[in-house]
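*Asks:* For reference, the file protein-v9.json (JSON, C-alpha atoms) is included below:
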```
[["chain", "number", "residue", "atom", "x", "y", "z"],
["A", 1, "MET", "CA", 0.00, 0.00, 0.00],
["A", 2, "GLU", "CA", 1.39, 3.37, -1.04],
["A", 3, "THR", "CA", 0.98, 6.49, 1.04],
["A", 4, "ALA", "CA", 1.18, 10.03, -0.16],
["A", 5, "GLN", "CA", 2.71, 12.76, 1.86],
["A", 6, "LEU", "CA", 0.97, 16.11, 1.89],
["A", 7, "THR", "CA", 2.91, 19.28, 2.59],
["A", 8, "VAL", "CA", 0.86, 22.04, 4.10],
["A", 9, "GLN", "CA", 2.09, 25.58, 3.83],
["A", 10, "LYS", "CA", 0.91, 28.01, 6.42],
["A", 11, "SER", "CA", -0.11, 31.37, 5.10],
["A", 12, "ASN", "CA", 1.00, 34.41, 7.01],
["A", 13, "ASN", "CA", -2.41, 35.61, 8.17],
["A", 14, "ASN", "CA", -0.82, 37.73, 10.88],
["A", 15, "ALA", "CA", 0.73, 40.14, 8.36],
["A", 16, "LYS", "CA", -0.97, 43.50, 8.31],
["A", 17, "ARG", "CA", -2.34, 44.50, 4.95],
["A", 18, "GLN", "CA", -1.63, 48.05, 3.92],
["A", 19, "TRP", "CA", -4.59, 49.73, 2.25],
["A", 20, "THR", "CA", -4.08, 52.79, 0.10],
["A", 21, "ILE", "CA", -6.34, 55.77, 0.62],
["A", 22, "GLU", "CA", -7.86, 55.15, -2.80],
["A", 23, "GLN", "CA", -8.70, 51.55, -1.86],
["A", 24, "LYS", "CA", -10.26, 52.63, 1.42],
["A", 25, "LEU", "CA", -12.35, 55.31, -0.28],
["A", 26, "ALA", "CA", -13.49, 52.86, -2.97],
["A", 27, "ILE", "CA", -14.64, 50.36, -0.34],
["A", 28, "LEU", "CA", -16.40, 53.10, 1.63],
["A", 29, "GLN", "CA", -18.09, 54.27, -1.57],
["A", 30, "GLU", "CA", -19.41, 50.75, -2.12],
["A", 31, "TRP", "CA", -20.78, 50.83, 1.40],
["A", 32, "ARG", "CA", -22.35, 54.22, 0.83],
["A", 33, "SER", "CA", -24.01, 52.95, -2.35],
["A", 34, "GLY", "CA", -25.84, 50.28, -0.37],
["A", 35, "THR", "CA", -23.61, 47.23, -0.10],
["A", 36, "PRO", "CA", -23.91, 45.81, 3.44],
["A", 37, "ALA", "CA", -20.85, 46.28, 5.64],
["A", 38, "GLN", "CA", -20.65, 42.57, 6.46],
["A", 39, "GLU", "CA", -20.56, 41.65, 2.78],
["A", 40, "LEU", "CA", -17.81, 44.21, 2.09],
["A", 41, "ALA", "CA", -15.79, 42.99, 5.05],
["A", 42, "ARG", "CA", -16.07, 39.39, 3.89],
["A", 43, "ARG", "CA", -15.32, 40.21, 0.24],
["A", 44, "HIS", "CA", -12.22, 42.28, 1.07],
["A", 45, "SER", "CA", -11.09, 40.09, 3.99],
["A", 46, "ILE", "CA", -11.20, 42.87, 6.55],
["A", 47, "GLY", "CA", -12.89, 43.21, 9.89],
["A", 48, "ASN", "CA", -16.28, 44.88, 10.08],
["A", 49, "SER", "CA", -14.85, 47.18, 12.75],
["A", 50, "MET", "CA", -12.19, 48.35, 10.28],
["A", 51, "LEU", "CA", -14.91, 49.69, 7.97],
["A", 52, "TRP", "CA", -16.41, 51.68, 10.82],
["A", 53, "LYS", "CA", -12.97, 53.00, 11.77],
["A", 54, "TRP", "CA", -12.31, 54.15, 8.20],
["A", 55, "ARG", "CA", -15.73, 55.77, 8.05],
["A", 56, "ARG", "CA", -15.20, 57.68, 11.31],
["A", 57, "ARG", "CA", -11.82, 58.91, 10.09],
["A", 58, "LEU", "CA", -13.30, 60.03, 6.80],
["A", 59, "GLU", "CA", -16.15, 61.86, 8.51],
["A", 60, "LYS", "CA", -13.73, 63.64, 10.83],
["A", 61, "GLY", "CA", -11.66, 64.64, 7.83],
["A", 62, "LEU", "CA", -8.42, 63.80, 9.56],
["A", 63, "SER", "CA", -5.38, 64.67, 7.53],
["A", 64, "ASP", "CA", -2.62, 63.17, 9.63],
["A", 65, "GLN", "CA", -0.32, 60.76, 7.88],
["A", 66, "GLY", "CA", -2.15, 57.55, 7.13],
["A", 67, "GLU", "CA", -5.56, 59.11, 7.64],
["A", 68, "MET", "CA", -8.15, 59.58, 4.93],
["A", 69, "VAL", "CA", -9.27, 62.87, 3.49],
["A", 70, "PRO", "CA", -11.76, 63.11, 0.65],
["A", 71, "LYS", "CA", -10.01, 64.03, -2.59],
["A", 72, "SER", "CA", -12.38, 66.96, -3.17],
["A", 73, "GLN", "CA", -11.46, 68.39, 0.23],
["A", 74, "LEU", "CA", -7.77, 67.95, -0.47],
["A", 75, "LEU", "CA", -7.99, 69.65, -3.87],
["A", 76, "SER", "CA", -9.97, 72.52, -2.37],
["A", 77, "ALA", "CA", -7.36, 73.00, 0.37],
["A", 78, "GLN", "CA", -4.54, 72.90, -2.18],
["A", 79, "ARG", "CA", -6.24, 75.57, -4.32],
["A", 80, "ARG", "CA", -6.79, 77.76, -1.26],
["A", 81, "ASN", "CA", -3.15, 77.32, -0.24],
["A", 82, "GLU", "CA", -1.98, 78.39, -3.72],
["A", 83, "GLU", "CA", -4.22, 81.49, -3.58],
["A", 84, "LEU", "CA", -2.84, 82.46, -0.18],
["A", 85, "GLU", "CA", 0.76, 81.94, -1.34],
["A", 86, "ARG", "CA", 0.15, 84.23, -4.35],
["A", 87, "ALA", "CA", -1.45, 86.87, -2.10],
["A", 88, "LEU", "CA", 1.50, 86.67, 0.29],
["A", 89, "GLY", "CA", 3.91, 87.08, -2.62],
["A", 90, "ARG", "CA", 2.04, 90.20, -3.81],
["A", 91, "LYS", "CA", 2.13, 91.70, -0.32],
["A", 92, "ALA", "CA", 5.85, 91.00, 0.02],
["A", 93, "MET", "CA", 6.46, 92.80, -3.29],
["A", 94, "GLU", "CA", 4.37, 95.77, -2.14],
["A", 95, "VAL", "CA", 6.43, 96.02, 1.06],
["A", 96, "ASP", "CA", 9.67, 95.92, -0.95],
["A", 97, "VAL", "CA", 8.42, 98.66, -3.27],
["A", 98, "LEU", "CA", 7.40, 100.83, -0.32],
["A", 99, "LYS", "CA", 10.77, 100.30, 1.38],
["A", 100, "LYS", "CA", 12.61, 101.35, -1.78],
["A", 101, "LEU", "CA", 10.34, 104.39, -2.16],
["A", 102, "PHE", "CA", 10.99, 105.45, 1.44],
["A", 103, "GLU", "CA", 14.75, 105.00, 0.95],
["A", 104, "ALA", "CA", 14.70, 107.00, -2.30],
["A", 105, "LYS", "CA", 12.90, 109.88, -0.56],
["A", 106, "GLY", "CA", 15.27, 109.71, 2.39],
["A", 107, "LEU", "CA", 12.51, 108.80, 4.82],
["A", 108, "ARG", "CA", 12.72, 106.40, 7.73],
["A", 109, "LEU", "CA", 10.38, 103.42, 7.97],
["A", 110, "PRO", "CA", 8.35, 102.90, 11.12],
["A", 111, "GLU", "CA", 9.87, 100.37, 13.53],
["A", 112, "GLY", "CA", 8.98, 96.75, 12.89],
["A", 113, "MET", "CA", 9.05, 96.86, 9.09]]
```
For this file, produce the structure as structure tokens.
*Replies:*
Amino acid sequence: METAQLTVQKSNNNAKRQWTIEQKLAILQEWRSGTPAQELARRHSIGNSMLWKWRRRLEKGLSDQGEMVPKSQLLSAQRRNEELERALGRKAMEVDVLKKLFEAKGLRLPEGM
């Protein structure tokens, strides 16, 4: 009688999976569109509590490293930042022009400028 030997490989289920922000948002969008959380958790092999954690973070709009921020909110903040940087640049040029004008007229600037 012959016997066969079976080799069983253990998978590393303890390894943490790293989800990108895009992946998290896509899964949350599925949930928002009506797919039950338990089905999503099963399909993506994640805990149901992880979905709730992602959702809370998204709703809070946390922007710390590793946290999720909606892309629309990020783009809006980036546009606002660019506007403020341009305004700051204009103001810095105005101050330089005024300093040069004061110097050309032989006037002294008020302290703190």
*Asks:* Looking at A:Met93, A:Leu107, A:Ala77, A:Leu28, which one is nearest to A:Lys53, with distances taken over all atoms listed in the file?
*Replies:*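 Going through A:Met93, A:Leu107, A:Ala77, A:Leu28 one by one, the smallest distance to A:Lys53 is for A:Leu28.
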*Asks:* I need the residue nearest A:Lys71 from this list: A:Ala41, A:Ala87, A:Leu109, A:Ile21. Use all atoms listed in the file for the distance.
*Replies:* A:Ile21
*Asks:* Report, in Å to a single decimal, how far apart atom CA of A:Pro36 and atom CA of A:Arg17 are.
*Replies:*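 These atoms are spaced 21.7 Å apart.
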*Asks:* So how many Å separate atom CA of A:Asn48 and atom CA of A:Thr35, to one decimal?
*Replies:*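 Computing it gives 12.8 Å between the two atoms.
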*Asks:* Counting only C-alpha atoms, which of A:Leu75, A:Leu40, A:Ala104, A:Ala92 gets nearest to A:Ala26?
*Replies:* A:Leu40
*Asks:* Just the number, please: distance in Å from atom CA of A:Val69 to atom CA of A:Arg57, one decimal.
*Replies:* 8.1 Å
*Asks:* For each of A:Arg80, A:Trp54, A:Ala37, A:Val95, take the minimum atom-to-atom distance to A:Gln23, counting all atoms listed in the file, then give the residue where this is smallest.
*Replies:*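 Nearest to A:Gln23: A:Trp54.
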*Asks:* Put the listed atoms of stretch 38-54 of chain A in a box along x, y and z with 6 Å added on every side and give me the centre and edge lengths in Å to one decimal, as AutoDock Vina command-line options.
*Replies:*
```
--center_x -15.9 --center_y 46.8 --center_z 6.5 --size_x 21.6 --size_y 26.8 --size_z 24.5
```
*Asks:* Which residue out of A:Arg55, A:Pro70, A:Arg79, A:Leu98 has the minimum interatomic distance to A:Glu22 when all atoms listed in the file are used?
*Replies:*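 Looking at the shortest contact to A:Glu22, the residue is A:Pro70.
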